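Data from protein-v1.pdb: PDB, C-alpha atoms
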ATOM      1  CA  MET X 132    -187.199 -11.853 -35.002  1.00  0.00           C
ATOM      2  CA  GLY X 133    -183.612 -12.696 -35.829  1.00  0.00           C
ATOM      3  CA  GLN X 134    -180.355 -11.470 -34.304  1.00  0.00           C
ATOM      4  CA  VAL X 135    -177.882  -9.139 -35.982  1.00  0.00           C
ATOM      5  CA  ILE X 136    -174.362  -9.730 -34.674  1.00  0.00           C
ATOM      6  CA  ALA X 137    -171.569  -7.331 -35.639  1.00  0.00           C
ATOM      7  CA  VAL X 138    -168.083  -8.862 -35.692  1.00  0.00           C
ATOM      8  CA  VAL X 139    -165.470  -6.168 -35.073  1.00  0.00           C
ATOM      9  CA  SER X 140    -161.853  -5.564 -34.126  1.00  0.00           C
ATOM     10  CA  GLY X 141    -159.615  -2.588 -33.472  1.00  0.00           C
ATOM     11  CA  LYS X 142    -156.987  -3.690 -35.976  1.00  0.00           C
ATOM     12  CA  GLY X 143    -156.688  -5.823 -39.080  1.00  0.00           C
ATOM     13  CA  GLY X 144    -155.492  -9.408 -39.217  1.00  0.00           C
ATOM     14  CA  THR X 145    -157.406 -10.717 -36.214  1.00  0.00           C
ATOM     15  CA  GLY X 146    -159.516 -13.131 -38.258  1.00  0.00           C
ATOM     16  CA  LYS X 147    -162.952 -11.467 -38.376  1.00  0.00           C
ATOM     17  CA  THR X 148    -163.717 -12.713 -41.875  1.00  0.00           C
ATOM     18  CA  SER X 149    -162.749 -16.294 -41.012  1.00  0.00           C
ATOM     19  CA  PHE X 150    -164.929 -16.028 -37.919  1.00  0.00           C
ATOM     20  CA  VAL X 151    -167.953 -14.769 -39.863  1.00  0.00           C
ATOM     21  CA  SER X 152    -167.641 -17.370 -42.624  1.00  0.00           C
ATOM     22  CA  HIS X 153    -167.123 -20.389 -40.386  1.00  0.00           C
ATOM     23  CA  VAL X 154    -169.557 -19.471 -37.613  1.00  0.00           C
ATOM     24  CA  GLY X 155    -172.111 -18.584 -40.291  1.00  0.00           C
ATOM     25  CA  LEU X 156    -171.665 -21.980 -41.920  1.00  0.00           C
ATOM     26  CA  TYR X 157    -172.121 -23.785 -38.619  1.00  0.00           C
ATOM     27  CA  LEU X 158    -175.177 -21.733 -37.621  1.00  0.00           C
ATOM     28  CA  ALA X 159    -176.739 -22.649 -40.978  1.00  0.00           C
ATOM     29  CA  SER X 160    -175.830 -26.309 -40.500  1.00  0.00           C
ATOM     30  CA  LEU X 161    -177.824 -26.212 -37.238  1.00  0.00           C
ATOM     31  CA  GLY X 162    -180.925 -25.354 -39.258  1.00  0.00           C
ATOM     32  CA  ASN X 163    -180.872 -21.568 -38.910  1.00  0.00           C
ATOM     33  CA  ARG X 164    -181.433 -19.196 -41.808  1.00  0.00           C
ATOM     34  CA  VAL X 165    -178.211 -17.142 -41.846  1.00  0.00           C
ATOM     35  CA  LEU X 166    -176.988 -14.071 -43.724  1.00  0.00           C
ATOM     36  CA  CYS X 167    -173.289 -13.169 -43.828  1.00  0.00           C
ATOM     37  CA  LEU X 168    -173.069  -9.435 -44.556  1.00  0.00           C
ATOM     38  CA  ASP X 169    -169.767  -7.890 -45.661  1.00  0.00           C
ATOM     39  CA  CYS X 170    -169.360  -4.245 -44.641  1.00  0.00           C
ATOM     40  CA  ASP X 171    -165.718  -3.872 -45.700  1.00  0.00           C
ATOM     41  CA  ILE X 172    -166.295  -1.504 -48.613  1.00  0.00           C
ATOM     42  CA  GLY X 173    -163.504  -1.647 -51.203  1.00  0.00           C
ATOM     43  CA  LEU X 174    -161.663  -4.444 -49.392  1.00  0.00           C
ATOM     44  CA  ARG X 175    -164.334  -7.111 -49.304  1.00  0.00           C
ATOM     45  CA  ASN X 176    -163.218 -10.736 -49.119  1.00  0.00           C
ATOM     46  CA  LEU X 177    -166.011 -12.548 -47.296  1.00  0.00           C
ATOM     47  CA  ASP X 178    -167.092 -14.001 -50.637  1.00  0.00           C
ATOM     48  CA  ILE X 179    -163.663 -15.642 -51.004  1.00  0.00           C
ATOM     49  CA  ALA X 180    -163.759 -17.054 -47.462  1.00  0.00           C
ATOM     50  CA  LEU X 181    -167.165 -18.611 -48.194  1.00  0.00           C
ATOM     51  CA  GLY X 182    -166.078 -19.972 -51.568  1.00  0.00           C
ATOM     52  CA  MET X 183    -168.602 -17.688 -53.289  1.00  0.00           C
ATOM     53  CA  SER X 184    -166.451 -15.292 -55.315  1.00  0.00           C
ATOM     54  CA  ASP X 185    -168.288 -16.264 -58.505  1.00  0.00           C
ATOM     55  CA  CYS X 186    -171.667 -15.582 -56.865  1.00  0.00           C
ATOM     56  CA  ALA X 187    -171.055 -12.067 -55.513  1.00  0.00           C
ATOM     57  CA  VAL X 188    -172.598 -10.074 -58.369  1.00  0.00           C
ATOM     58  CA  THR X 189    -174.806  -7.799 -56.259  1.00  0.00           C
ATOM     59  CA  ASP X 190    -174.025  -5.845 -53.089  1.00  0.00           C
ATOM     60  CA  PHE X 191    -175.970  -4.095 -50.352  1.00  0.00           C
ATOM     61  CA  THR X 192    -175.990  -0.751 -52.186  1.00  0.00           C
ATOM     62  CA  ASP X 193    -178.102  -2.430 -54.879  1.00  0.00           C
ATOM     63  CA  ILE X 194    -180.788  -2.798 -52.209  1.00  0.00           C
ATOM     64  CA  LEU X 195    -180.306   0.690 -50.743  1.00  0.00           C
ATOM     65  CA  GLU X 196    -180.656   2.235 -54.195  1.00  0.00           C
ATOM     66  CA  GLY X 197    -183.689   0.143 -55.138  1.00  0.00           C
ATOM     67  CA  ARG X 198    -182.182  -1.986 -57.909  1.00  0.00           C
ATOM     68  CA  TYR X 199    -182.827  -5.287 -56.114  1.00  0.00           C
ATOM     69  CA  SER X 200    -184.791  -6.544 -53.148  1.00  0.00           C
ATOM     70  CA  LEU X 201    -183.087  -8.294 -50.240  1.00  0.00           C
ATOM     71  CA  ARG X 202    -184.398 -11.622 -51.488  1.00  0.00           C
ATOM     72  CA  GLU X 203    -182.897 -11.008 -54.927  1.00  0.00           C
ATOM     73  CA  ALA X 204    -179.542  -9.631 -53.748  1.00  0.00           C
ATOM     74  CA  ALA X 205    -178.726 -12.170 -51.007  1.00  0.00           C
ATOM     75  CA  MET X 206    -176.898 -15.008 -52.770  1.00  0.00           C
ATOM     76  CA  PRO X 207    -177.455 -18.589 -51.519  1.00  0.00           C
ATOM     77  CA  HIS X 208    -174.384 -20.649 -50.719  1.00  0.00           C
ATOM     78  CA  PRO X 209    -173.756 -23.295 -53.395  1.00  0.00           C
ATOM     79  CA  ILE X 210    -173.315 -26.109 -50.835  1.00  0.00           C
ATOM     80  CA  GLN X 211    -174.600 -25.119 -47.403  1.00  0.00           C
ATOM     81  CA  LYS X 212    -178.372 -24.898 -47.177  1.00  0.00           C
ATOM     82  CA  ASN X 213    -179.845 -21.864 -45.337  1.00  0.00           C
ATOM     83  CA  LEU X 214    -176.686 -19.756 -45.772  1.00  0.00           C
ATOM     84  CA  TYR X 215    -176.689 -16.506 -47.771  1.00  0.00           C
ATOM     85  CA  LEU X 216    -174.143 -13.817 -48.625  1.00  0.00           C
ATOM     86  CA  LEU X 217    -174.698 -10.099 -49.115  1.00  0.00           C
ATOM     87  CA  THR X 218    -171.423  -8.499 -50.059  1.00  0.00           C
ATOM     88  CA  ALA X 219    -170.054  -4.959 -49.876  1.00  0.00           C
ATOM     89  CA  PRO X 220    -169.506  -2.771 -52.936  1.00  0.00           C
ATOM     90  CA  SER X 221    -166.024  -2.855 -54.449  1.00  0.00           C
ATOM     91  CA  THR X 222    -166.210   0.918 -54.935  1.00  0.00           C
ATOM     92  CA  LEU X 223    -168.401   3.630 -53.508  1.00  0.00           C
ATOM     93  CA  HIS X 224    -169.546   6.659 -55.490  1.00  0.00           C
ATOM     94  CA  ALA X 225    -171.653   8.300 -52.766  1.00  0.00           C
ATOM     95  CA  PRO X 226    -171.771   8.102 -48.955  1.00  0.00           C
ATOM     96  CA  ILE X 227    -173.934   5.382 -47.443  1.00  0.00           C
ATOM     97  CA  ASP X 228    -177.266   6.646 -46.134  1.00  0.00           C
ATOM     98  CA  ALA X 229    -177.143   5.464 -42.516  1.00  0.00           C
ATOM     99  CA  ALA X 230    -180.924   5.638 -42.127  1.00  0.00           C
ATOM    100  CA  ALA X 231    -181.473   3.523 -45.242  1.00  0.00           C
ATOM    101  CA  PHE X 232    -178.882   1.016 -44.038  1.00  0.00           C
ATOM    102  CA  GLY X 233    -180.687   0.845 -40.696  1.00  0.00           C
ATOM    103  CA  ARG X 234    -183.933   0.030 -42.499  1.00  0.00           C
ATOM    104  CA  LEU X 235    -182.106  -2.723 -44.403  1.00  0.00           C
ATOM    105  CA  ILE X 236    -180.874  -4.178 -41.097  1.00  0.00           C
ATOM    106  CA  ASP X 237    -184.446  -4.185 -39.785  1.00  0.00           C
ATOM    107  CA  GLU X 238    -185.549  -6.108 -42.878  1.00  0.00           C
ATOM    108  CA  VAL X 239    -182.639  -8.531 -42.466  1.00  0.00           C
ATOM    109  CA  ARG X 240    -183.663  -9.135 -38.844  1.00  0.00           C
ATOM    110  CA  SER X 241    -187.195 -10.018 -39.893  1.00  0.00           C
ATOM    111  CA  THR X 242    -185.992 -12.323 -42.708  1.00  0.00           C
ATOM    112  CA  PHE X 243    -183.096 -14.279 -41.182  1.00  0.00           C
ATOM    113  CA  ASP X 244    -182.511 -16.032 -37.870  1.00  0.00           C
ATOM    114  CA  TYR X 245    -178.949 -14.713 -37.689  1.00  0.00           C
ATOM    115  CA  CYS X 246    -177.013 -12.057 -39.549  1.00  0.00           C
ATOM    116  CA  LEU X 247    -173.244 -11.895 -39.033  1.00  0.00           C
ATOM    117  CA  VAL X 248    -171.828  -8.522 -40.092  1.00  0.00           C
ATOM    118  CA  ASP X 249    -168.154  -8.515 -41.097  1.00  0.00           C
ATOM    119  CA  SER X 250    -166.862  -5.089 -40.055  1.00  0.00           C
ATOM    120  CA  PRO X 251    -163.768  -3.427 -41.496  1.00  0.00           C
ATOM    121  CA  ALA X 252    -160.867  -3.056 -39.088  1.00  0.00           C
ATOM    122  CA  GLY X 253    -160.553   0.109 -37.045  1.00  0.00           C
ATOM    123  CA  LEU X 254    -163.092   2.514 -35.618  1.00  0.00           C
ATOM    124  CA  GLY X 255    -163.945   4.636 -38.650  1.00  0.00           C
ATOM    125  CA  SER X 256    -167.113   5.087 -40.652  1.00  0.00           C
ATOM    126  CA  GLY X 257    -167.149   1.438 -41.793  1.00  0.00           C
ATOM    127  CA  PHE X 258    -167.113   0.272 -38.172  1.00  0.00           C
ATOM    128  CA  HIS X 259    -170.004   2.573 -37.262  1.00  0.00           C
ATOM    129  CA  LEU X 260    -171.953   1.376 -40.301  1.00  0.00           C
ATOM    130  CA  ALA X 261    -171.372  -2.272 -39.342  1.00  0.00           C
ATOM    131  CA  ILE X 262    -172.707  -1.807 -35.801  1.00  0.00           C
ATOM    132  CA  THR X 263    -175.827   0.044 -37.021  1.00  0.00           C
ATOM    133  CA  GLY X 264    -178.823  -1.581 -35.394  1.00  0.00           C
ATOM    134  CA  CYS X 265    -176.888  -4.635 -34.190  1.00  0.00           C
ATOM    135  CA  ASP X 266    -178.294  -6.657 -31.306  1.00  0.00           C
ATOM    136  CA  ARG X 267    -174.959  -8.116 -30.176  1.00  0.00           C
ATOM    137  CA  CYS X 268    -171.316  -7.566 -30.938  1.00  0.00           C
ATOM    138  CA  VAL X 269    -168.330  -9.924 -31.018  1.00  0.00           C
ATOM    139  CA  VAL X 270    -164.891  -8.355 -30.569  1.00  0.00           C
ATOM    140  CA  VAL X 271    -162.219 -10.531 -32.175  1.00  0.00           C
ATOM    141  CA  THR X 272    -158.648 -10.174 -30.930  1.00  0.00           C
ATOM    142  CA  THR X 273    -155.395 -12.106 -31.051  1.00  0.00           C
ATOM    143  CA  THR X 274    -153.067 -12.501 -28.100  1.00  0.00           C
ATOM    144  CA  ASP X 275    -150.475  -9.904 -29.087  1.00  0.00           C
ATOM    145  CA  PRO X 276    -150.439  -6.802 -26.840  1.00  0.00           C
ATOM    146  CA  THR X 277    -151.350  -4.313 -29.595  1.00  0.00           C
ATOM    147  CA  SER X 278    -154.387  -6.350 -30.605  1.00  0.00           C
ATOM    148  CA  LEU X 279    -155.526  -6.677 -26.996  1.00  0.00           C
ATOM    149  CA  ARG X 280    -155.171  -2.932 -26.433  1.00  0.00           C
ATOM    150  CA  ASP X 281    -157.111  -2.199 -29.619  1.00  0.00           C
ATOM    151  CA  ALA X 282    -159.819  -4.622 -28.502  1.00  0.00           C
ATOM    152  CA  GLN X 283    -160.204  -2.729 -25.252  1.00  0.00           C
ATOM    153  CA  ARG X 284    -160.443   0.557 -27.180  1.00  0.00           C
ATOM    154  CA  THR X 285    -163.080  -1.004 -29.432  1.00  0.00           C
ATOM    155  CA  VAL X 286    -165.165  -2.021 -26.427  1.00  0.00           C
ATOM    156  CA  MET X 287    -165.300   1.628 -25.343  1.00  0.00           C
ATOM    157  CA  GLU X 288    -167.086   2.424 -28.623  1.00  0.00           C
ATOM    158  CA  LEU X 289    -169.780  -0.149 -27.863  1.00  0.00           C
ATOM    159  CA  GLY X 290    -171.110   1.380 -24.680  1.00  0.00           C
ATOM    160  CA  HIS X 291    -174.595   1.771 -26.184  1.00  0.00           C
ATOM    161  CA  LEU X 292    -175.112  -1.998 -26.136  1.00  0.00           C
ATOM    162  CA  PRO X 293    -176.611  -3.541 -22.992  1.00  0.00           C
ATOM    163  CA  LYS X 294    -174.421  -5.466 -20.594  1.00  0.00           C
ATOM    164  CA  GLY X 295    -173.925  -9.052 -21.759  1.00  0.00           C
ATOM    165  CA  LYS X 296    -174.426  -8.180 -25.438  1.00  0.00           C
ATOM    166  CA  VAL X 297    -170.731  -7.691 -26.221  1.00  0.00           C
ATOM    167  CA  HIS X 298    -168.500 -10.768 -26.317  1.00  0.00           C
ATOM    168  CA  LEU X 299    -164.796 -11.485 -26.716  1.00  0.00           C
ATOM    169  CA  VAL X 300    -163.217 -14.086 -29.012  1.00  0.00           C
ATOM    170  CA  VAL X 301    -159.482 -14.712 -28.752  1.00  0.00           C
ATOM    171  CA  ASN X 302    -158.305 -15.954 -32.129  1.00  0.00           C
ATOM    172  CA  ARG X 303    -155.155 -17.566 -33.529  1.00  0.00           C
ATOM    173  CA  CYS X 304    -153.896 -18.872 -30.187  1.00  0.00           C
ATOM    174  CA  LYS X 305    -150.681 -20.825 -30.680  1.00  0.00           C
ATOM    175  CA  LYS X 306    -151.133 -24.143 -28.914  1.00  0.00           C
ATOM    176  CA  LYS X 307    -147.556 -24.398 -27.655  1.00  0.00           C
ATOM    177  CA  LEU X 308    -147.826 -20.938 -26.055  1.00  0.00           C
ATOM    178  CA  LEU X 309    -151.299 -21.301 -24.597  1.00  0.00           C
ATOM    179  CA  LYS X 310    -150.172 -22.040 -21.022  1.00  0.00           C
ATOM    180  CA  SER X 311    -148.132 -18.858 -20.902  1.00  0.00           C
ATOM    181  CA  LEU X 312    -150.967 -16.922 -22.569  1.00  0.00           C
ATOM    182  CA  ARG X 313    -153.684 -17.924 -20.116  1.00  0.00           C
ATOM    183  CA  GLN X 314    -152.884 -15.007 -17.819  1.00  0.00           C
ATOM    184  CA  THR X 315    -152.824 -12.625 -20.789  1.00  0.00           C
ATOM    185  CA  ILE X 316    -156.252 -13.837 -21.904  1.00  0.00           C
ATOM    186  CA  ASP X 317    -157.601 -13.595 -18.359  1.00  0.00           C
ATOM    187  CA  ASP X 318    -156.245 -10.050 -18.072  1.00  0.00           C
ATOM    188  CA  ALA X 319    -157.872  -9.096 -21.364  1.00  0.00           C
ATOM    189  CA  ILE X 320    -161.221 -10.450 -20.201  1.00  0.00           C
ATOM    190  CA  ASP X 321    -160.967  -8.614 -16.889  1.00  0.00           C
ATOM    191  CA  THR X 322    -159.825  -5.341 -18.424  1.00  0.00           C
ATOM    192  CA  ALA X 323    -162.372  -5.345 -21.223  1.00  0.00           C
ATOM    193  CA  GLY X 324    -165.080  -6.600 -18.904  1.00  0.00           C
ATOM    194  CA  LEU X 325    -166.414  -8.976 -21.543  1.00  0.00           C
ATOM    195  CA  PRO X 326    -167.668 -12.545 -21.381  1.00  0.00           C
ATOM    196  CA  LEU X 327    -165.430 -14.912 -23.338  1.00  0.00           C
ATOM    197  CA  LEU X 328    -167.320 -16.468 -26.253  1.00  0.00           C
ATOM    198  CA  GLY X 329    -164.473 -18.683 -27.408  1.00  0.00           C
ATOM    199  CA  VAL X 330    -160.768 -19.296 -27.967  1.00  0.00           C
ATOM    200  CA  VAL X 331    -159.752 -20.343 -31.487  1.00  0.00           C
ATOM    201  CA  PRO X 332    -156.394 -22.094 -31.901  1.00  0.00           C
ATOM    202  CA  GLU X 333    -153.910 -21.263 -34.631  1.00  0.00           C
ATOM    203  CA  ASP X 334    -154.547 -23.775 -37.411  1.00  0.00           C
ATOM    204  CA  GLU X 335    -152.143 -24.300 -40.307  1.00  0.00           C
ATOM    205  CA  GLU X 336    -154.989 -25.746 -42.381  1.00  0.00           C
ATOM    206  CA  LEU X 337    -156.952 -22.480 -42.310  1.00  0.00           C
ATOM    207  CA  PRO X 338    -154.841 -20.387 -44.740  1.00  0.00           C
ATOM    208  CA  LEU X 339    -154.542 -23.407 -47.039  1.00  0.00           C
ATOM    209  CA  ALA X 340    -158.315 -23.799 -47.122  1.00  0.00           C
ATOM    210  CA  LEU X 341    -158.882 -20.073 -47.679  1.00  0.00           C
ATOM    211  CA  GLY X 342    -156.319 -20.089 -50.467  1.00  0.00           C
ATOM    212  CA  ARG X 343    -158.374 -22.741 -52.242  1.00  0.00           C
ATOM    213  CA  GLY X 344    -161.596 -20.833 -51.598  1.00  0.00           C
ATOM    214  CA  VAL X 345    -162.926 -23.705 -49.500  1.00  0.00           C
ATOM    215  CA  PRO X 346    -164.146 -23.034 -45.934  1.00  0.00           C
ATOM    216  CA  LEU X 347    -162.358 -25.113 -43.309  1.00  0.00           C
ATOM    217  CA  VAL X 348    -165.613 -26.790 -42.289  1.00  0.00           C
ATOM    218  CA  PHE X 349    -165.620 -28.592 -45.656  1.00  0.00           C
ATOM    219  CA  VAL X 350    -162.039 -29.813 -45.156  1.00  0.00           C
ATOM    220  CA  TYR X 351    -162.066 -31.326 -41.667  1.00  0.00           C
ATOM    221  CA  ASN X 352    -163.726 -30.980 -38.282  1.00  0.00           C
ATOM    222  CA  ARG X 353    -161.082 -30.425 -35.652  1.00  0.00           C
ATOM    223  CA  CYS X 354    -158.909 -27.695 -34.148  1.00  0.00           C
ATOM    224  CA  ALA X 355    -160.084 -24.241 -35.366  1.00  0.00           C
ATOM    225  CA  SER X 356    -163.074 -25.752 -37.157  1.00  0.00           C
ATOM    226  CA  LEU X 357    -164.300 -27.360 -33.948  1.00  0.00           C
ATOM    227  CA  ALA X 358    -163.760 -24.101 -32.028  1.00  0.00           C
ATOM    228  CA  TYR X 359    -165.934 -22.214 -34.529  1.00  0.00           C
ATOM    229  CA  GLN X 360    -168.599 -24.909 -34.252  1.00  0.00           C
ATOM    230  CA  ASN X 361    -168.658 -24.546 -30.473  1.00  0.00           C
ATOM    231  CA  ILE X 362    -168.970 -20.750 -30.771  1.00  0.00           C
ATOM    232  CA  ALA X 363    -171.935 -21.140 -33.125  1.00  0.00           C
ATOM    233  CA  ARG X 364    -173.628 -23.406 -30.596  1.00  0.00           C
ATOM    234  CA  ARG X 365    -173.015 -20.888 -27.796  1.00  0.00           C
ATOM    235  CA  LEU X 366    -174.566 -18.124 -29.899  1.00  0.00           C
ATOM    236  CA  THR X 367    -177.757 -20.196 -30.088  1.00  0.00           C
ATOM    237  CA  GLY X 368    -177.841 -20.354 -26.283  1.00  0.00           C
ATOM    238  CA  GLU X 369    -176.377 -23.836 -25.843  1.00  0.00           C
ATOM    239  CA  LYS X 370    -173.974 -24.277 -22.936  1.00  0.00           C
ATOM    240  CA  VAL X 371    -170.745 -25.615 -24.421  1.00  0.00           C
ATOM    241  CA  PRO X 372    -167.523 -25.847 -22.376  1.00  0.00           C
ATOM    242  CA  LEU X 373    -164.402 -24.210 -23.793  1.00  0.00           C
ATOM    243  CA  MET X 374    -162.418 -26.605 -25.931  1.00  0.00           C
ATOM    244  CA  ARG X 375    -159.172 -27.792 -24.386  1.00  0.00           C
ATOM    245  CA  ILE X 376    -156.296 -26.790 -26.645  1.00  0.00           C
ATOM    246  CA  ARG X 377    -153.355 -29.150 -26.355  1.00  0.00           C
TER     247      ARG X 377
END
Would you mind writing the file's structure down as structure tokens?
Amino acid sequence: MGQVIAVVSGKGGTGKTSFVSHVGLYLASLGNRVLCLDCDIGLRNLDIALGMSDCAVTDFTDILEGRYSLREAAMPHPIQKNLYLLTAPSTLHAPIDAAAFGRLIDEVRSTFDYCLVDSPAGLGSGFHLAITGCDRCVVVTTTDPTSLRDAQRTVMELGHLPKGKVHLVVNRCKKKLLKSLRQTIDDAIDTAGLPLLGVVPEDEELPLALGRGVPLVFVYNRCASLAYQNIARRLTGEKVPLMRIR
């Protein structure tokens, strides 16, 4: 059986979508069958981050409402073998049936090795949908105080998950400020009580790559790209030391 990993944050702009797209790409490159599932209804952009905006013609409601099967609706990545996208609807005409979505997650778990669920920001209905049936959860935060506080509030909503199944990723760390931020990161880990899955440095190449609709992994393999690769390896159980950010 595969793993369903919800990627969440208490506020927008922390980099969840970049995390899902790049870690998904690296997990697939390691030979795993991977589904990236966008749960940000109305504000979806995971297809853009994966360079698949022309492929996203079906969404998960097509499966819930019986128009397509999972195999038909999950779109294969045009370049990366073993990677698939299932996007969110651009509009919603009726509430999502939580029980039906849970059955879809069970089918996803039996079909893919990993499913990364891109949650909308905040703790509303989209967040609760995204964590439906998940096996693990990754809380993505930046180093600013409001983001760290929101991350801690998010963790409180994940109390149903067993200890060790919720992880922290600190994203967009500015390299020149990292020494002064170490204590802040340590405090966040201690306060949230979460194991640190990775620290991703701020990378000026990332917005340029996203603007071209090309994932960073296809541009170069250093800085943020390398950090995402290391996180993917840790998710598979490999022991990888934290990358030194200079």
Closest of X:Thr189, X:Ser256, X:Thr242, X:Asn163 to X:Gln211 - atom-to-atom distances counting only C-alpha atoms: X:Asn163
Considering only C-alpha atoms, can you say which of X:Phe258, X:Thr263, X:Leu325, X:Leu158 comes closest to X:Asp237? X:Thr263
Using only C-alpha atoms, determine which residues lie at most 7 Å from stretch 273-279 of chain X, disregarding the query and same-chain residues fewer than 4 positions distant; provide the list as a ChimeraX atom specification. /X:142,145,283,301-304,319
What do you get, as an MDAnalysis selection string, if you spell out every residue that the PyMOL selection byres ((chain X and resi 205) around 7) selects here? chainID X and resid 201:204 206:207 215:217
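Atom CA of X:Leu357 lies 11.6 Å from atom CA of X:Val371.
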